[in-house]
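Student: This is the structure, below, for whatever I ask next.
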Amino acid sequence: MTASNVITLPRQESRSFGRRDLIPLWPDALWKIERGVVRTLTWSENGTLISLGYWSTGEVVGQPLTCLDPYQIECLTPVSVHLIPSQQWPQELNAIFSYAQQVQELHSIVQIQGTDQRLLNFLSWLAKKFGQVTEAGQLIDLRLTHLEISDVIGTTRVSVTRMMRRLEAQGIILRPTRHAIVLRRL
């Protein structure tokens with residue numbers, strides 16, 4: 001390997017990013033999330049966005065966890081991350097195993113027949129992962145658009161909007177604010 005092929009990691013091990021910023025990728029480093037929420041994504045050959053997962057505090061993300069190209073890590077909230085060079089990966093095995101388990105769990109949701117059930121299972125997954133317990137149910141206070149949700153469950157934005165309205169009319173969810181969802185305890 002010549003000196004021009006060596007990738008030098010930045011000296012700064014912790015970094016902060018704003019909403020919608022992209023976290024840089026390196027083939028020999030992972031990022032551990034100290035604060036905030038990110039999503040990983042790629043695109044199909046025709047340019048369709050594919051959401052791969054949602055990650056938060058204590059979890060790891062990075063180029064070495066995928067073979068997909070293109071691949072991005074987008075901040076959904078303000079985010080602080082800590083760089084983990086490859087020499088330290090053995091100390092992060094639990095976080096790496098958690099990453100693999102969550103990818104499989106999300107993949108199983110996407111394979112469910114019926115978009116209504118996929119949406120409900122995805123909301124339950126979000127509530128379990130990011131929800132806060134309230135008197136009314138699990139509060140999911142994460143700024144996800146209907147388009148972003150449709151990307152995950154494999155349907156259209158219009159269908160997600162229609163299904164969300166139906167779930168709200170049935171009392172399964174509440175919408176206390178534009179970006180918050182309460183998954184009711186039934």
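Ordering of the structure tokens sets the chain letters (A, B, ...); residue numbers start at 1 within each chain; ligands are numbered from 1 in the order shown.
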Can you tell me which residues surround stretch 86-99 of chain A at a distance of at most 7 Å, considering only C-alpha atoms, apart from same-chain residues fewer than 6 positions away, and format the answer as a compact mmCIF listing (two decimals) with all heavy atoms, in the first residue's frame?
Tutor:
# COMPACT_ATOMS: atom_id res chain seq x y z
N ASP A 28 -12.53 1.90 7.59
CA ASP A 28 -11.93 1.26 8.75
C ASP A 28 -12.32 1.92 10.07
O ASP A 28 -11.59 1.85 11.05
CB ASP A 28 -10.41 1.23 8.61
CG ASP A 28 -9.81 2.62 8.44
OD1 ASP A 28 -10.57 3.57 8.23
OD2 ASP A 28 -8.58 2.74 8.54
N ALA A 29 -13.50 2.55 10.09
CA ALA A 29 -13.96 3.19 11.33
C ALA A 29 -15.48 3.14 11.43
O ALA A 29 -16.19 3.25 10.44
CB ALA A 29 -13.49 4.64 11.38
N GLU A 59 -25.64 3.03 19.96
CA GLU A 59 -25.55 2.13 18.81
C GLU A 59 -24.43 2.57 17.88
O GLU A 59 -23.98 3.71 17.93
CB GLU A 59 -26.90 2.09 18.09
CG GLU A 59 -27.97 1.50 18.99
CD GLU A 59 -29.35 1.48 18.39
OE1 GLU A 59 -29.76 2.46 17.75
OE2 GLU A 59 -30.02 0.45 18.57
N VAL A 60 -23.99 1.65 17.03
CA VAL A 60 -22.91 1.94 16.10
C VAL A 60 -23.42 1.90 14.67
O VAL A 60 -24.34 1.15 14.34
CB VAL A 60 -21.72 0.97 16.25
CG1 VAL A 60 -21.06 1.13 17.61
CG2 VAL A 60 -22.13 -0.46 16.00
Student: Mind dumping a table of every stretch 52-98 of chain A residue within 9 Å of stretch 123-138 of chain A, with the nearest atom pair and its distance in Å to one decimal, using only C-alpha atoms, sorted by chain and rising number, as a Markdown table?
Tutor:
| residue | atom | partner | partner_atom | distance |
| --- | --- | --- | --- | --- |
| A:Tyr54 | CA | A:Leu126 | CA | 8.7 |
| A:Trp55 | CA | A:Lys129 | CA | 8.8 |
| A:Ser56 | CA | A:Phe130 | CA | 8.1 |
Student: Kindly indicate which residue among A:Leu30, A:Leu147, A:Leu76, A:Val160 lies nearest to A:Arg118, using only C-alpha atoms for the distances.
Tutor: A:Val160
Student: Per DSSP on the backbone, what are the strand (DSSP E or B) residues of stretch 12-163 of chain A, as number ranges by chain?
Tutor: A: 14-17, 22, 26, 29-35, 38-43, 49-55, 60-61, 72-75, 79-85, 132-133, 137-141
Student: Would you output that residue set with N, CA and C atoms, as a CSV table (one decimal), in the first residue's frame?
Tutor:
chain,number,residue,atom,x,y,z
A,14,SER,N,-14.6,12.8,18.6
A,14,SER,CA,-16.0,13.1,18.8
A,14,SER,C,-16.4,14.3,17.9
A,15,ARG,N,-17.6,14.1,17.3
A,15,ARG,CA,-18.1,15.2,16.4
A,15,ARG,C,-19.6,15.4,16.6
A,16,SER,N,-20.0,16.5,16.3
A,16,SER,CA,-21.5,16.9,16.4
A,16,SER,C,-22.0,17.2,15.0
A,17,PHE,N,-23.2,16.9,14.7
A,17,PHE,CA,-23.8,17.1,13.4
A,17,PHE,C,-25.2,17.7,13.7
A,22,LEU,N,-25.0,14.7,6.9
A,22,LEU,CA,-24.5,13.4,6.6
A,22,LEU,C,-23.2,13.1,7.4
A,26,TRP,N,-15.9,6.0,6.5
A,26,TRP,CA,-14.5,5.5,6.3
A,26,TRP,C,-14.5,4.0,6.4
A,29,ALA,N,-13.5,2.5,10.1
A,29,ALA,CA,-14.0,3.2,11.3
A,29,ALA,C,-15.5,3.1,11.4
A,30,LEU,N,-15.9,3.0,12.7
A,30,LEU,CA,-17.4,3.0,13.0
A,30,LEU,C,-17.6,4.3,13.8
A,31,TRP,N,-18.9,4.7,13.8
A,31,TRP,CA,-19.3,5.8,14.7
A,31,TRP,C,-20.2,5.2,15.8
A,32,LYS,N,-20.0,5.6,17.0
A,32,LYS,CA,-20.9,5.2,18.1
A,32,LYS,C,-21.7,6.5,18.4
A,33,ILE,N,-23.0,6.4,18.5
A,33,ILE,CA,-23.9,7.5,18.7
A,33,ILE,C,-23.9,7.8,20.2
A,34,GLU,N,-23.6,9.0,20.5
A,34,GLU,CA,-23.6,9.4,21.9
A,34,GLU,C,-24.9,10.1,22.2
A,35,ARG,N,-25.5,10.8,21.2
A,35,ARG,CA,-26.8,11.5,21.4
A,35,ARG,C,-27.4,11.7,20.0
A,38,VAL,N,-30.1,8.8,13.9
A,38,VAL,CA,-29.7,8.8,12.5
A,38,VAL,C,-30.4,7.7,11.8
A,39,ARG,N,-30.5,7.8,10.5
A,39,ARG,CA,-30.9,6.7,9.6
A,39,ARG,C,-29.9,6.4,8.6
A,40,THR,N,-29.8,5.1,8.3
A,40,THR,CA,-28.9,4.7,7.2
A,40,THR,C,-29.8,4.4,6.0
A,41,LEU,N,-29.2,4.7,4.8
A,41,LEU,CA,-30.0,4.6,3.6
A,41,LEU,C,-29.1,4.4,2.4
A,42,THR,N,-29.8,3.9,1.3
A,42,THR,CA,-29.2,3.7,0.0
A,42,THR,C,-30.2,4.0,-1.0
A,43,TRP,N,-29.9,3.8,-2.3
A,43,TRP,CA,-30.8,4.0,-3.4
A,43,TRP,C,-30.8,2.8,-4.3
A,49,LEU,N,-35.2,5.9,-3.0
A,49,LEU,CA,-34.5,5.9,-1.7
A,49,LEU,C,-34.9,4.6,-0.9
A,50,ILE,N,-34.0,4.0,-0.3
A,50,ILE,CA,-34.3,2.8,0.6
A,50,ILE,C,-33.7,3.1,2.0
A,51,SER,N,-34.6,3.2,2.9
A,51,SER,CA,-34.2,3.3,4.3
A,51,SER,C,-33.8,2.0,4.9
A,52,LEU,N,-32.6,1.9,5.5
A,52,LEU,CA,-32.1,0.7,5.9
A,52,LEU,C,-32.2,0.5,7.4
A,53,GLY,N,-32.3,1.6,8.2
A,53,GLY,CA,-32.5,1.4,9.6
A,53,GLY,C,-32.4,2.8,10.3
A,54,TYR,N,-32.8,2.8,11.6
A,54,TYR,CA,-32.8,3.9,12.5
A,54,TYR,C,-32.0,3.6,13.7
A,55,TRP,N,-31.1,4.5,14.1
A,55,TRP,CA,-30.1,4.2,15.2
A,55,TRP,C,-30.1,5.4,16.1
A,60,VAL,N,-24.0,1.6,17.0
A,60,VAL,CA,-22.9,1.9,16.1
A,60,VAL,C,-23.4,1.9,14.7
A,61,VAL,N,-22.8,2.7,13.8
A,61,VAL,CA,-23.1,2.8,12.4
A,61,VAL,C,-21.8,3.0,11.7
A,72,GLN,N,-25.4,6.0,3.0
A,72,GLN,CA,-25.2,7.2,3.7
A,72,GLN,C,-25.8,7.0,5.1
A,73,ILE,N,-25.3,7.9,6.0
A,73,ILE,CA,-25.8,8.0,7.4
A,73,ILE,C,-26.3,9.4,7.5
A,74,GLU,N,-27.6,9.6,7.7
A,74,GLU,CA,-28.2,10.9,7.7
A,74,GLU,C,-28.7,11.2,9.2
A,75,CYS,N,-28.5,12.4,9.7
A,75,CYS,CA,-28.9,12.7,11.0
A,75,CYS,C,-30.4,13.2,11.0
A,79,VAL,N,-27.0,15.4,16.4
A,79,VAL,CA,-26.3,14.1,16.8
A,79,VAL,C,-24.9,14.4,17.2
A,80,SER,N,-24.5,13.6,18.2
A,80,SER,CA,-23.1,13.6,18.7
A,80,SER,C,-22.6,12.2,18.5
A,81,VAL,N,-21.4,12.0,17.9
A,81,VAL,CA,-20.9,10.6,17.7
A,81,VAL,C,-19.4,10.6,18.1
A,82,HIS,N,-19.0,9.4,18.4
A,82,HIS,CA,-17.6,9.1,18.8
A,82,HIS,C,-17.0,8.1,17.8
A,83,LEU,N,-15.9,8.4,17.2
A,83,LEU,CA,-15.2,7.6,16.2
A,83,LEU,C,-14.6,6.4,16.9
A,84,ILE,N,-14.8,5.2,16.3
A,84,ILE,CA,-14.3,4.0,16.8
A,84,ILE,C,-13.4,3.3,15.7
A,85,PRO,N,-12.1,3.4,15.9
A,85,PRO,CA,-11.2,2.8,14.9
A,85,PRO,C,-11.3,1.3,15.0
A,132,GLN,N,-41.5,6.9,24.3
A,132,GLN,CA,-41.5,7.3,25.7
A,132,GLN,C,-42.9,7.0,26.3
A,133,VAL,N,-42.9,6.4,27.4
A,133,VAL,CA,-44.2,6.0,28.0
A,133,VAL,C,-44.9,7.2,28.5
A,137,GLY,N,-50.1,6.2,26.0
A,137,GLY,CA,-49.4,5.1,25.2
A,137,GLY,C,-48.0,5.5,25.0
A,138,GLN,N,-47.4,4.9,24.0
A,138,GLN,CA,-46.0,5.2,23.7
A,138,GLN,C,-45.9,6.4,22.7
A,139,LEU,N,-45.2,7.4,23.2
A,139,LEU,CA,-45.0,8.6,22.4
A,139,LEU,C,-43.7,8.4,21.5
A,140,ILE,N,-43.9,8.6,20.2
A,140,ILE,CA,-42.8,8.5,19.2
A,140,ILE,C,-42.6,9.9,18.8
A,141,ASP,N,-41.7,10.6,19.3
A,141,ASP,CA,-41.4,12.0,19.0
A,141,ASP,C,-40.2,12.1,18.1
Student: Based on DSSP run over this structure's backbone, return all residues of chain A in alpha helix (DSSP H), as a VMD selection string.
Tutor: chain A and resid 93 to 110 115 to 130 146 to 153 157 to 169
Student: By how many Å are atom CA of A:Ala169 and atom CA of A:Asn121 apart?
Tutor: 17.8 Å
